[in-house]
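Raw contents of coords26.txt, compact mmCIF, C-alpha atoms:
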# COMPACT_ATOMS: atom_id res chain seq x y z
CA MET J 1 142.49 79.51 95.50
CA LYS J 2 140.64 78.68 98.71
CA THR J 3 142.30 81.59 100.49
CA LEU J 4 141.40 83.91 97.64
CA THR J 5 137.77 82.78 97.77
CA ARG J 6 137.61 83.28 101.54
CA SER J 7 139.12 86.78 101.27
CA PHE J 8 136.68 87.66 98.51
CA LEU J 9 133.75 86.44 100.58
CA ARG J 10 134.94 88.35 103.65
CA CYS J 11 135.30 91.55 101.60
CA THR J 12 131.88 91.06 100.04
CA ILE J 13 130.21 90.48 103.41
CA LEU J 14 132.00 93.46 104.95
CA LEU J 15 131.11 95.74 102.04
CA SER J 16 127.49 94.61 102.02
CA TRP J 17 127.24 95.08 105.79
CA PHE J 18 128.54 98.62 105.38
CA VAL J 19 126.04 99.34 102.60
CA LEU J 20 123.16 97.91 104.64
CA CYS J 21 124.17 99.94 107.71
CA ALA J 22 124.41 103.11 105.64
CA ALA J 23 120.99 102.44 104.11
CA GLN J 24 119.53 101.82 107.54
CA ALA J 25 121.05 105.03 108.87
CA ALA J 26 119.60 106.90 105.91
CA GLY J 27 116.26 105.31 106.71
CA TYR J 28 116.09 107.26 109.96
CA ASP J 29 116.54 110.49 108.05
CA THR J 30 113.10 110.22 106.54
CA ALA J 31 111.39 113.20 108.09
CA GLN J 32 112.50 115.71 105.47
CA THR J 33 110.24 114.46 102.73
CA LEU J 34 107.62 116.40 100.86
CA PRO J 35 105.68 113.81 98.91
CA PRO J 36 103.83 115.00 95.79
CA LEU J 37 100.12 114.24 95.72
CA PRO J 38 99.13 111.59 93.19
CA LYS J 39 96.20 113.82 92.20
CA PRO J 40 96.74 117.56 92.70
CA PHE J 41 93.52 119.47 93.40
CA ALA J 42 92.38 123.10 93.41
CA ALA J 43 92.98 124.64 96.83
CA PRO J 44 89.65 125.53 98.45
CA ASP J 45 89.62 129.30 98.96
CA PHE J 46 88.99 130.83 102.37
CA THR J 47 89.04 134.10 104.23
CA LEU J 48 90.21 134.02 107.83
CA GLN J 49 91.17 136.46 110.50
CA GLY J 50 94.79 136.40 111.63
CA GLU J 51 96.02 136.49 115.19
CA ASP J 52 97.36 139.95 114.23
CA GLY J 53 93.80 141.18 113.56
CA LYS J 54 94.26 141.32 109.76
CA THR J 55 92.08 139.45 107.28
CA TYR J 56 93.71 136.92 104.96
CA ARG J 57 92.28 135.43 101.77
CA LEU J 58 94.05 132.48 100.18
CA SER J 59 93.32 133.53 96.59
CA ASP J 60 95.21 136.80 97.18
CA TYR J 61 98.37 134.69 97.05
CA ARG J 62 97.79 133.41 93.50
CA GLY J 63 101.12 133.57 91.60
CA LYS J 64 103.03 132.51 94.70
CA VAL J 65 103.86 129.20 96.34
CA VAL J 66 101.88 128.85 99.58
CA VAL J 67 102.91 126.53 102.40
CA LEU J 68 99.63 126.01 104.26
CA ASN J 69 99.99 124.44 107.68
CA PHE J 70 97.16 123.19 109.93
CA TRP J 71 98.15 123.11 113.59
CA ALA J 72 97.15 123.67 117.23
CA THR J 73 99.09 124.94 120.23
CA TRP J 74 98.50 121.74 122.23
CA CYS J 75 99.92 119.47 119.49
CA PRO J 76 103.58 118.59 120.29
CA PRO J 77 104.78 117.98 116.68
CA CYS J 78 103.12 121.25 115.64
CA ARG J 79 105.17 123.06 118.25
CA TYR J 80 108.35 121.26 117.19
CA GLU J 81 108.11 122.45 113.61
CA MET J 82 107.08 126.04 114.29
CA PRO J 83 110.64 127.41 114.81
CA SER J 84 111.76 125.79 111.52
CA MET J 85 108.79 127.39 109.74
CA GLU J 86 109.87 130.75 111.10
CA ARG J 87 113.44 130.15 109.87
CA ALA J 88 112.10 129.06 106.47
CA HIS J 89 109.94 132.20 106.32
CA LYS J 90 113.05 134.32 106.87
CA LYS J 91 115.06 132.34 104.31
CA VAL J 92 112.49 132.82 101.53
CA GLN J 93 111.79 136.50 102.11
CA GLY J 94 111.96 138.30 98.77
CA GLU J 95 110.95 135.11 96.93
CA LYS J 96 107.42 134.29 95.90
CA ILE J 97 106.96 131.77 98.70
CA VAL J 98 104.67 132.42 101.67
CA LEU J 99 103.86 130.49 104.82
CA LEU J 100 100.40 130.50 106.40
CA ALA J 101 99.60 128.52 109.55
CA ILE J 102 95.96 127.87 110.43
CA ASP J 103 95.28 127.19 114.10
CA VAL J 104 92.33 124.82 114.53
CA GLY J 105 89.69 125.41 117.18
CA GLU J 106 91.49 127.77 119.53
CA SER J 107 90.99 131.35 120.60
CA GLU J 108 93.02 134.39 119.59
CA ASP J 109 94.22 134.67 123.21
CA ARG J 110 95.52 131.10 123.25
CA VAL J 111 97.48 131.64 120.00
CA PHE J 112 98.78 135.00 121.21
CA GLU J 113 100.01 133.31 124.39
CA PHE J 114 101.77 130.69 122.23
CA THR J 115 103.63 133.36 120.26
CA GLY J 116 105.12 134.57 123.54
CA GLN J 117 107.05 131.29 123.70
CA TYR J 118 107.44 130.74 119.96
CA PRO J 119 107.95 134.07 118.20
CA VAL J 120 106.46 133.83 114.70
CA THR J 121 106.41 136.61 112.09
CA PHE J 122 104.41 134.89 109.34
CA PRO J 123 100.59 134.95 109.47
CA LEU J 124 98.85 132.74 112.04
CA LEU J 125 95.21 132.38 111.00
CA LEU J 126 92.33 131.38 113.25
CA ASP J 127 89.95 128.61 112.21
CA THR J 128 88.09 128.88 115.50
CA GLU J 129 85.07 126.83 114.39
CA GLY J 130 87.11 124.23 112.52
CA ALA J 131 85.28 125.01 109.28
CA ILE J 132 88.28 125.49 106.97
CA ILE J 133 90.13 122.35 108.01
CA LYS J 134 87.05 120.36 106.92
CA LYS J 135 87.52 121.70 103.37
CA TYR J 136 90.97 120.09 103.14
CA PRO J 137 91.87 116.38 103.34
CA VAL J 138 93.32 116.60 106.84
CA ILE J 139 93.10 113.57 109.12
CA GLY J 140 95.68 114.45 111.77
CA LEU J 141 97.66 117.47 113.00
CA PRO J 142 99.97 118.84 111.85
CA THR J 143 99.30 118.51 108.14
CA THR J 144 100.90 120.87 105.64
CA PHE J 145 99.92 121.42 102.02
CA VAL J 146 101.96 123.09 99.32
CA ILE J 147 99.96 125.15 96.85
CA ASP J 148 101.56 126.07 93.54
CA PRO J 149 101.29 129.53 91.88
CA ARG J 150 98.20 128.33 89.91
CA GLY J 151 96.36 127.55 93.14
CA MET J 152 96.74 123.77 92.91
CA VAL J 153 97.60 121.68 95.97
CA THR J 154 100.56 119.63 94.78
CA HIS J 155 102.25 118.25 97.92
CA ARG J 156 101.26 117.15 101.41
CA ALA J 157 103.32 116.45 104.54
CA ILE J 158 101.72 114.61 107.48
CA GLY J 159 103.58 115.24 110.73
CA SER J 160 106.27 117.81 111.42
CA ARG J 161 109.19 118.69 109.18
CA GLU J 162 112.26 120.90 109.37
CA TRP J 163 110.90 123.45 106.94
CA ASP J 164 114.15 125.37 106.56
CA ASP J 165 115.89 122.20 105.34
CA GLU J 166 117.38 122.99 101.92
CA ARG J 167 115.91 119.79 100.43
CA LEU J 168 112.41 121.09 101.15
CA LEU J 169 113.18 124.65 100.05
CA VAL J 170 114.55 123.34 96.74
CA GLN J 171 111.22 121.57 96.15
CA LEU J 172 109.29 124.75 96.90
CA ARG J 173 111.47 126.85 94.61
CA LYS J 174 111.03 124.34 91.79
CA LEU J 175 107.30 125.13 91.81
CA LEU J 176 108.06 128.75 90.94
CA LYS J 177 109.65 127.70 87.67
CA PRO J 178 107.11 127.36 84.85
CA MET E 1 132.73 78.23 93.68
CA ILE E 2 130.57 80.19 91.24
CA ARG E 3 127.49 78.70 92.92
CA LEU E 4 128.84 79.72 96.30
CA LEU E 5 129.50 83.30 95.15
CA THR E 6 126.11 83.57 93.46
CA ALA E 7 124.42 82.35 96.65
CA THR E 8 126.38 84.83 98.74
CA PHE E 9 125.54 87.78 96.48
CA GLY E 10 121.91 86.64 96.35
CA LEU E 11 121.75 86.50 100.12
CA LEU E 12 123.22 89.95 100.49
CA LEU E 13 121.33 91.72 97.74
CA VAL E 14 117.86 90.35 98.39
CA THR E 15 116.75 92.23 101.49
CA GLN E 16 113.99 90.55 103.41
CA PRO E 17 111.68 92.59 105.65
CA ALA E 18 113.06 92.37 109.16
CA ALA E 19 110.96 90.64 111.83
CA ALA E 20 109.02 92.96 114.13
CA VAL E 21 111.08 94.18 117.06
CA ILE E 22 108.97 94.79 120.13
CA SER E 23 110.39 96.74 123.00
CA THR E 24 109.34 98.39 126.22
CA GLY E 25 110.98 100.80 128.61
CA THR E 26 110.65 104.36 129.86
CA ASP E 27 109.98 107.11 127.34
CA ALA E 28 112.72 109.69 127.76
CA GLU E 29 110.45 112.68 127.23
CA ALA E 30 107.32 111.58 129.10
CA GLU E 31 109.28 109.66 131.77
CA LEU E 32 106.52 107.06 131.60
CA PRO E 33 106.46 103.46 130.31
CA TYR E 34 106.24 102.84 126.58
CA TRP E 35 105.58 99.83 124.34
CA GLU E 36 106.83 99.89 120.77
CA VAL E 37 106.84 97.78 117.64
CA VAL E 38 109.37 98.53 114.91
CA GLU E 39 109.31 96.66 111.65
CA HIS E 40 110.82 97.40 108.28
CA GLY E 41 109.61 100.93 107.56
CA VAL E 42 107.04 101.12 110.38
CA SER E 43 107.20 102.32 113.95
CA ILE E 44 104.26 102.28 116.39
CA ARG E 45 104.83 103.51 119.94
CA LEU E 46 102.38 103.75 122.83
CA VAL E 47 103.38 105.88 125.80
CA GLN E 48 101.41 105.76 129.05
CA ARG E 49 99.51 108.86 129.99
CA LEU E 50 98.50 109.56 133.58
CA PRO E 51 94.77 110.16 134.21
CA ASP E 52 95.71 113.44 135.89
CA GLN E 53 97.45 114.63 132.69
CA THR E 54 94.28 113.80 130.79
CA ARG E 55 92.05 115.63 133.29
CA GLY E 56 94.23 118.73 133.10
CA PHE E 57 94.48 118.70 129.29
CA PHE E 58 90.75 118.37 128.65
CA GLN E 59 89.60 120.72 131.39
CA ALA E 60 91.90 123.36 129.88
CA ARG E 61 90.13 122.81 126.54
CA GLY E 62 86.64 123.45 127.87
CA PHE E 63 85.43 120.04 129.03
CA SER E 64 83.41 119.87 132.25
CA ILE E 65 84.91 118.08 135.24
CA ALA E 66 82.52 115.14 134.66
CA ASP E 67 83.46 114.84 130.96
CA SER E 68 87.20 115.10 131.58
CA GLU E 69 86.83 112.47 134.32
CA LEU E 70 85.15 110.13 131.85
CA VAL E 71 88.16 110.39 129.53
CA ALA E 72 90.69 110.20 132.36
CA GLN E 73 89.18 106.86 133.47
CA SER E 74 89.25 105.41 129.93
CA CYS E 75 92.95 104.40 129.65
CA MET E 76 94.57 106.90 127.34
CA PHE E 77 97.96 106.52 125.67
CA GLN E 78 100.06 108.90 123.61
CA THR E 79 100.51 107.08 120.30
CA VAL E 80 103.03 107.75 117.55
CA ILE E 81 102.71 105.97 114.21
CA LYS E 82 105.45 106.60 111.63
CA ASN E 83 106.46 105.56 108.17
CA VAL E 84 110.21 105.38 108.68
CA ALA E 85 111.04 103.88 105.29
CA PRO E 86 113.66 105.73 103.26
CA PRO E 87 112.08 108.10 100.69
CA SER E 88 113.40 105.95 97.83
CA ASP E 89 111.23 103.08 99.11
CA GLN E 90 107.96 104.79 98.14
CA LYS E 91 106.23 102.32 100.48
CA VAL E 92 102.85 103.47 101.72
CA ILE E 93 101.60 102.38 105.12
CA GLU E 94 97.90 102.28 105.97
CA TYR E 95 96.10 101.35 109.15
CA ASN E 96 92.59 101.26 110.52
CA LEU E 97 92.15 101.22 114.30
CA ASP E 98 88.97 99.18 113.85
CA GLU E 99 91.30 96.28 112.96
CA TRP E 100 93.30 96.57 116.19
CA VAL E 101 92.26 94.17 118.95
CA VAL E 102 92.50 94.74 122.70
CA HIS E 103 92.82 91.57 124.81
CA ALA E 104 91.94 92.16 128.45
CA ALA E 105 90.60 89.91 131.22
CA GLY E 106 90.01 87.04 128.79
CA ALA E 107 87.89 89.13 126.45
CA GLN E 108 88.53 90.91 123.16
CA ARG E 109 87.38 94.40 122.34
CA ARG E 110 88.08 97.20 119.91
CA MET E 111 89.43 100.62 120.69
CA LYS E 112 87.22 103.64 121.29
CA THR E 113 87.79 105.83 118.24
CA ARG E 114 87.06 109.42 117.21
CA GLU E 115 83.72 108.38 115.74
CA ASP E 116 82.62 106.67 118.98
CA TRP E 117 83.59 109.70 121.03
CA GLN E 118 81.91 112.12 118.65
CA LYS E 119 78.56 110.41 119.35
CA GLU E 120 79.27 110.48 123.07
CA TRP E 121 80.15 114.20 123.15
CA THR E 122 77.13 115.11 121.08
CA ALA E 123 74.90 113.22 123.52
CA ARG E 124 76.63 114.85 126.50
CA ARG E 125 76.42 118.30 124.83
CA ALA E 126 80.13 119.00 125.24
CA PRO E 127 81.18 122.51 124.09
CA LYS E 128 82.11 122.80 120.40
CA ALA E 129 85.67 123.99 121.08
CA ALA E 130 86.24 121.08 123.45
CA GLN E 131 84.90 118.61 120.87
CA LEU E 132 87.23 120.06 118.23
CA ALA E 133 90.27 119.69 120.50
CA PHE E 134 89.23 116.13 121.29
CA GLU E 135 88.68 115.20 117.66
CA TRP E 136 92.05 116.51 116.52
CA GLY E 137 93.84 115.34 119.67
CA LEU E 138 92.99 111.68 119.03
CA ILE E 139 95.10 109.56 116.71
CA PRO E 140 93.21 109.25 113.39
CA THR E 141 91.05 106.15 113.06
CA ARG E 142 92.36 105.53 109.56
CA GLN E 143 95.44 107.03 107.98
CA THR E 144 97.85 106.60 105.08
CA TYR E 145 101.51 107.53 105.44
CA ARG E 146 104.16 107.95 102.83
CA PRO E 147 107.85 107.89 103.85
CA GLY E 148 108.53 110.64 106.38
CA ASP E 149 104.87 110.99 107.39
CA TYR E 150 103.69 110.37 110.92
CA ASN E 151 101.00 111.22 113.45
CA TRP E 152 101.19 111.76 117.14
CA GLY E 153 97.88 111.53 118.95
CA LEU E 154 95.94 110.11 121.85
CA SER E 155 94.47 106.63 121.75
CA VAL E 156 91.76 105.31 124.06
CA PHE E 157 91.40 101.67 125.16
CA ASN E 158 88.28 102.03 127.30
CA LEU E 159 89.73 100.16 130.29
CA ALA E 160 90.04 101.10 133.96
CA PRO E 161 93.29 102.70 135.20
CA GLY E 162 95.93 100.10 136.04
CA THR E 163 94.42 97.39 133.78
CA PRO E 164 96.92 95.18 131.93
CA PHE E 165 96.16 94.21 128.33
CA ASP E 166 97.66 92.89 125.11
CA LEU E 167 97.19 94.78 121.88
CA ASP E 168 97.22 93.45 118.34
CA VAL E 169 98.38 96.27 116.07
CA VAL E 170 97.64 95.85 112.37
CA TRP E 171 98.88 97.80 109.36
CA HIS E 172 99.04 97.36 105.61
CA GLN E 173 102.25 97.84 103.69
CA GLY E 174 102.46 97.49 99.95
CA GLY E 175 99.07 95.76 99.92
CA GLU E 176 100.16 93.21 102.51
CA ARG E 177 98.45 92.92 105.92
CA ARG E 178 100.95 92.84 108.77
CA SER E 179 100.46 92.62 112.52
CA ALA E 180 102.27 92.37 115.83
CA ARG E 181 101.18 91.82 119.42
CA LEU E 182 102.24 94.20 122.16
CA LYS E 183 102.10 92.12 125.33
CA GLY E 184 101.66 93.28 128.91
CA VAL E 185 100.70 96.86 128.13
CA VAL E 186 99.37 98.55 131.28
CA CYS E 187 96.96 101.47 131.59
CA ALA E 188 98.49 104.13 133.83
CA PRO E 189 97.27 103.94 137.44
CA ASP E 190 95.21 106.83 138.73
CA ILE E 191 97.74 108.47 141.01
CA GLN E 192 96.63 111.81 142.33
CA VAL E 193 99.48 113.55 144.04
CA SER E 194 98.50 115.62 147.05
CA PRO E 195 100.62 118.45 148.41
CA ALA E 196 102.94 117.30 151.18
CA PRO E 197 101.68 118.22 154.68
CA GLN E 198 103.36 121.35 156.02
Written as structure tokens, that's how I'd like the structure from this file.
Amino acid sequence: MKTLTRSFLRCTILLSWFVLCAAQAAGYDTAQTLPPLPKPFAAPDFTLQGEDGKTYRLSDYRGKVVVLNFWATWCPPCRYEMPSMERAHKKVQGEKIVLLAIDVGESEDRVFEFTGQYPVTFPLLLDTEGAIIKKYPVIGLPTTFVIDPRGMVTHRAIGSREWDDERLLVQLRKLLKP
Amino acid sequence: MIRLLTATFGLLLVTQPAAAVISTGTDAEAELPYWEVVEHGVSIRLVQRLPDQTRGFFQARGFSIADSELVAQSCMFQTVIKNVAPPSDQKVIEYNLDEWVVHAAGAQRRMKTREDWQKEWTARRAPKAAQLAFEWGLIPTRQTYRPGDYNWGLSVFNLAPGTPFDLDVVWHQGGERRSARLKGVVCAPDIQVSPAPQ
């Protein structure tokens, strides 16, 4: 009986250790989260010039899911996530999902220079005076909002993400379903 | 035996928050010293930043030589604050830099935050673009992170280059105030490398 008890205890400890280790390992994989906002709000509209010289108005994208990213070229996590945003942009082409990245406080030349190192084909908008970022609840860069087809901000990510991760794309696609 | 088994299961299933683990070493990316506290679901890392890096960064963003020198002499660190809890945890982390305490030369002081600098730049008439870069470059004074969220920004301790200090970092997790002390943190010395003589 004693031997049986000892073996049972050993198994239990071993199993629990394994479970705890697995949970801890999973804990490190926390970056790919897209938390919903407790209180969605209407996305403040704006019109901004793009680095490509075109003019972009947020409300023109009504009926689509908009991933709206605030960033700057000097911000390391912003640079880290830019290639994944480009990959995500390519993955969702043909779907009603668009990516817009608003550079805060920098010149067209500086952003153009950046695209030499980080080729990006989705719109890069210029908030040169930092006026648009003040309309959104942004405290640090990068911050990314997800706007649903009705124009409501439903999710926010603080810090970089791997935007082409299927877990995030699934969440974006869910917003397209009524 | 039943008691023993119940106690064992209880011990294994009730997970207590781990004690804060404080470490120091050389940051692999910056190749400069770092100090870090990791507790259940929270990670706060300070990486030294050389005054020359600070001068270069802020001069490139439109600050005058005098203004960039002021920042370079103020003990700046790269700071990364993360909520590393698993998404299922739903634990929110909040902090306010006004609660953090700097212990240096037998005195206590608070950090110099975005709001303090904003007043300073307005008084010094720093260019708007430079002020914007400074504002967004600094770690937020107050922030709330859900699992997966993090910020990476500059923090200023308002001490001379090379000064050693201790730092009490404070955060709130699930409504509970938690803190840890980073001991023996050192502001980067002001090393200005000159070209080797030909």
(message) I want to know what sits within 12 Å of Ala126 of chain E, based on all atoms listed in the file, with residues of the same chain fewer than 2 positions away left out; could you give that as a PyMOL selection string?
(response) chain E and resi 58-59+61-68+117-124+128-134
(message) Distance limit 10 Å, atoms considered: only C-alpha atoms. Which chain E residues sit that close to chain J? Return them as a ChimeraX atom specification.
(response) /E:1,4-5,8-9,11-13,15,40-41,57,61,81-90,128-133,135-153
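A straight line drawn from atom CA of Leu70 of chain E to atom CA of Gln48 of chain E is 17.1 Å long.
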(message) Around (102.4, 131.8, 92.3), as given in the file, which residues come within 8 Å? Count all atoms listed in the file and list them as number ranges by chain.
(response) J: 61-66, 96-97, 148-151, 176
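Ranking E:Glu94, E:Asp27, E:Asp190, E:Asp116 by their shortest atom-to-atom distance to Val170 of chain E, with all atoms listed in the file included, puts E:Glu94 first.
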(request) Give as a PyMOL selection string the set of residues within 6 Å of the point (92.4, 129.0, 111.1), where distances use the file's coordinates and all atoms listed in the file. (result) chain J and resi 102-104+125-127
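Across the model, the gap from atom CA of Thr144 of chain J to atom CA of Val67 of chain J is 6.8 Å.
With atom CA of Glu69 of chain E on one side and atom CA of Arg55 of chain E on the other, the separation reads 6.2 Å.
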(message) Which residues are close to Val185 of chain E, i.e. within 6 Å by all atoms listed in the file, leaving aside same-chain residues fewer than 6 positions away? Reply as number ranges by chain.
(response) E: 164-166
Atoms added to segment 41-70 of chain J (N, CA and C atoms), reported as a tab-separated table (two decimals), keeping the file's coordinate frame:
chain	number	residue	atom	x	y	z
J	41	PHE	N	94.90	118.95	93.45
J	41	PHE	CA	93.52	119.47	93.40
J	41	PHE	C	93.53	120.97	93.66
J	42	ALA	N	92.47	121.64	93.22
J	42	ALA	CA	92.38	123.10	93.41
J	42	ALA	C	92.21	123.40	94.89
J	43	ALA	N	93.03	124.31	95.40
J	43	ALA	CA	92.98	124.64	96.83
J	43	ALA	C	91.67	125.35	97.15
J	44	PRO	N	90.87	124.82	98.07
J	44	PRO	CA	89.65	125.53	98.45
J	44	PRO	C	89.99	126.91	99.03
J	45	ASP	N	89.33	127.93	98.51
J	45	ASP	CA	89.62	129.30	98.96
J	45	ASP	C	89.00	129.52	100.34
J	46	PHE	N	89.56	130.48	101.06
J	46	PHE	CA	88.99	130.83	102.37
J	46	PHE	C	89.42	132.24	102.73
J	47	THR	N	88.67	132.82	103.64
J	47	THR	CA	89.04	134.10	104.23
J	47	THR	C	89.02	133.90	105.74
J	48	LEU	N	90.12	134.22	106.38
J	48	LEU	CA	90.21	134.02	107.83
J	48	LEU	C	90.88	135.23	108.49
J	49	GLN	N	90.51	135.41	109.74
J	49	GLN	CA	91.17	136.46	110.50
J	49	GLN	C	92.48	135.93	111.06
J	50	GLY	N	93.50	136.79	111.06
J	50	GLY	CA	94.79	136.40	111.63
J	50	GLY	C	94.86	136.77	113.09
J	51	GLU	N	95.80	136.18	113.77
J	51	GLU	CA	96.02	136.49	115.19
J	51	GLU	C	96.43	137.95	115.34
J	52	ASP	N	96.95	138.54	114.23
J	52	ASP	CA	97.36	139.95	114.23
J	52	ASP	C	96.21	140.89	113.94
J	53	GLY	N	94.99	140.35	113.80
J	53	GLY	CA	93.80	141.18	113.56
J	53	GLY	C	93.52	141.45	112.09
J	54	LYS	N	94.46	141.09	111.20
J	54	LYS	CA	94.26	141.32	109.76
J	54	LYS	C	93.42	140.19	109.15
J	55	THR	N	92.85	140.48	107.98
J	55	THR	CA	92.08	139.45	107.28
J	55	THR	C	92.92	138.89	106.13
J	56	TYR	N	92.91	137.58	105.99
J	56	TYR	CA	93.71	136.92	104.96
J	56	TYR	C	92.81	136.09	104.05
J	57	ARG	N	93.02	136.25	102.73
J	57	ARG	CA	92.28	135.43	101.77
J	57	ARG	C	93.29	134.64	100.94
J	58	LEU	N	93.08	133.34	100.86
J	58	LEU	CA	94.05	132.48	100.18
J	58	LEU	C	94.27	132.91	98.73
J	59	SER	N	93.19	133.22	98.02
J	59	SER	CA	93.32	133.53	96.59
J	59	SER	C	94.13	134.80	96.32
J	60	ASP	N	94.35	135.61	97.35
J	60	ASP	CA	95.21	136.80	97.18
J	60	ASP	C	96.66	136.40	96.92
J	61	TYR	N	96.98	135.14	97.21
J	61	TYR	CA	98.37	134.69	97.05
J	61	TYR	C	98.60	133.97	95.72
J	62	ARG	N	97.62	134.04	94.82
J	62	ARG	CA	97.79	133.41	93.50
J	62	ARG	C	99.05	133.98	92.84
J	63	GLY	N	99.84	133.13	92.18
J	63	GLY	CA	101.12	133.57	91.60
J	63	GLY	C	102.29	133.29	92.53
J	64	LYS	N	101.97	132.84	93.74
J	64	LYS	CA	103.03	132.51	94.70
J	64	LYS	C	102.88	131.06	95.15
J	65	VAL	N	103.94	130.52	95.72
J	65	VAL	CA	103.86	129.20	96.34
J	65	VAL	C	103.42	129.42	97.79
J	66	VAL	N	102.38	128.71	98.21
J	66	VAL	CA	101.88	128.85	99.58
J	66	VAL	C	102.12	127.54	100.34
J	67	VAL	N	102.76	127.67	101.49
J	67	VAL	CA	102.91	126.53	102.40
J	67	VAL	C	101.82	126.71	103.46
J	68	LEU	N	100.81	125.85	103.41
J	68	LEU	CA	99.63	126.01	104.26
J	68	LEU	C	99.63	124.93	105.33
J	69	ASN	N	99.83	125.37	106.56
J	69	ASN	CA	99.99	124.44	107.68
J	69	ASN	C	98.77	124.47	108.60
J	70	PHE	N	98.24	123.29	108.95
J	70	PHE	CA	97.16	123.19	109.93
J	70	PHE	C	97.77	122.70	111.24
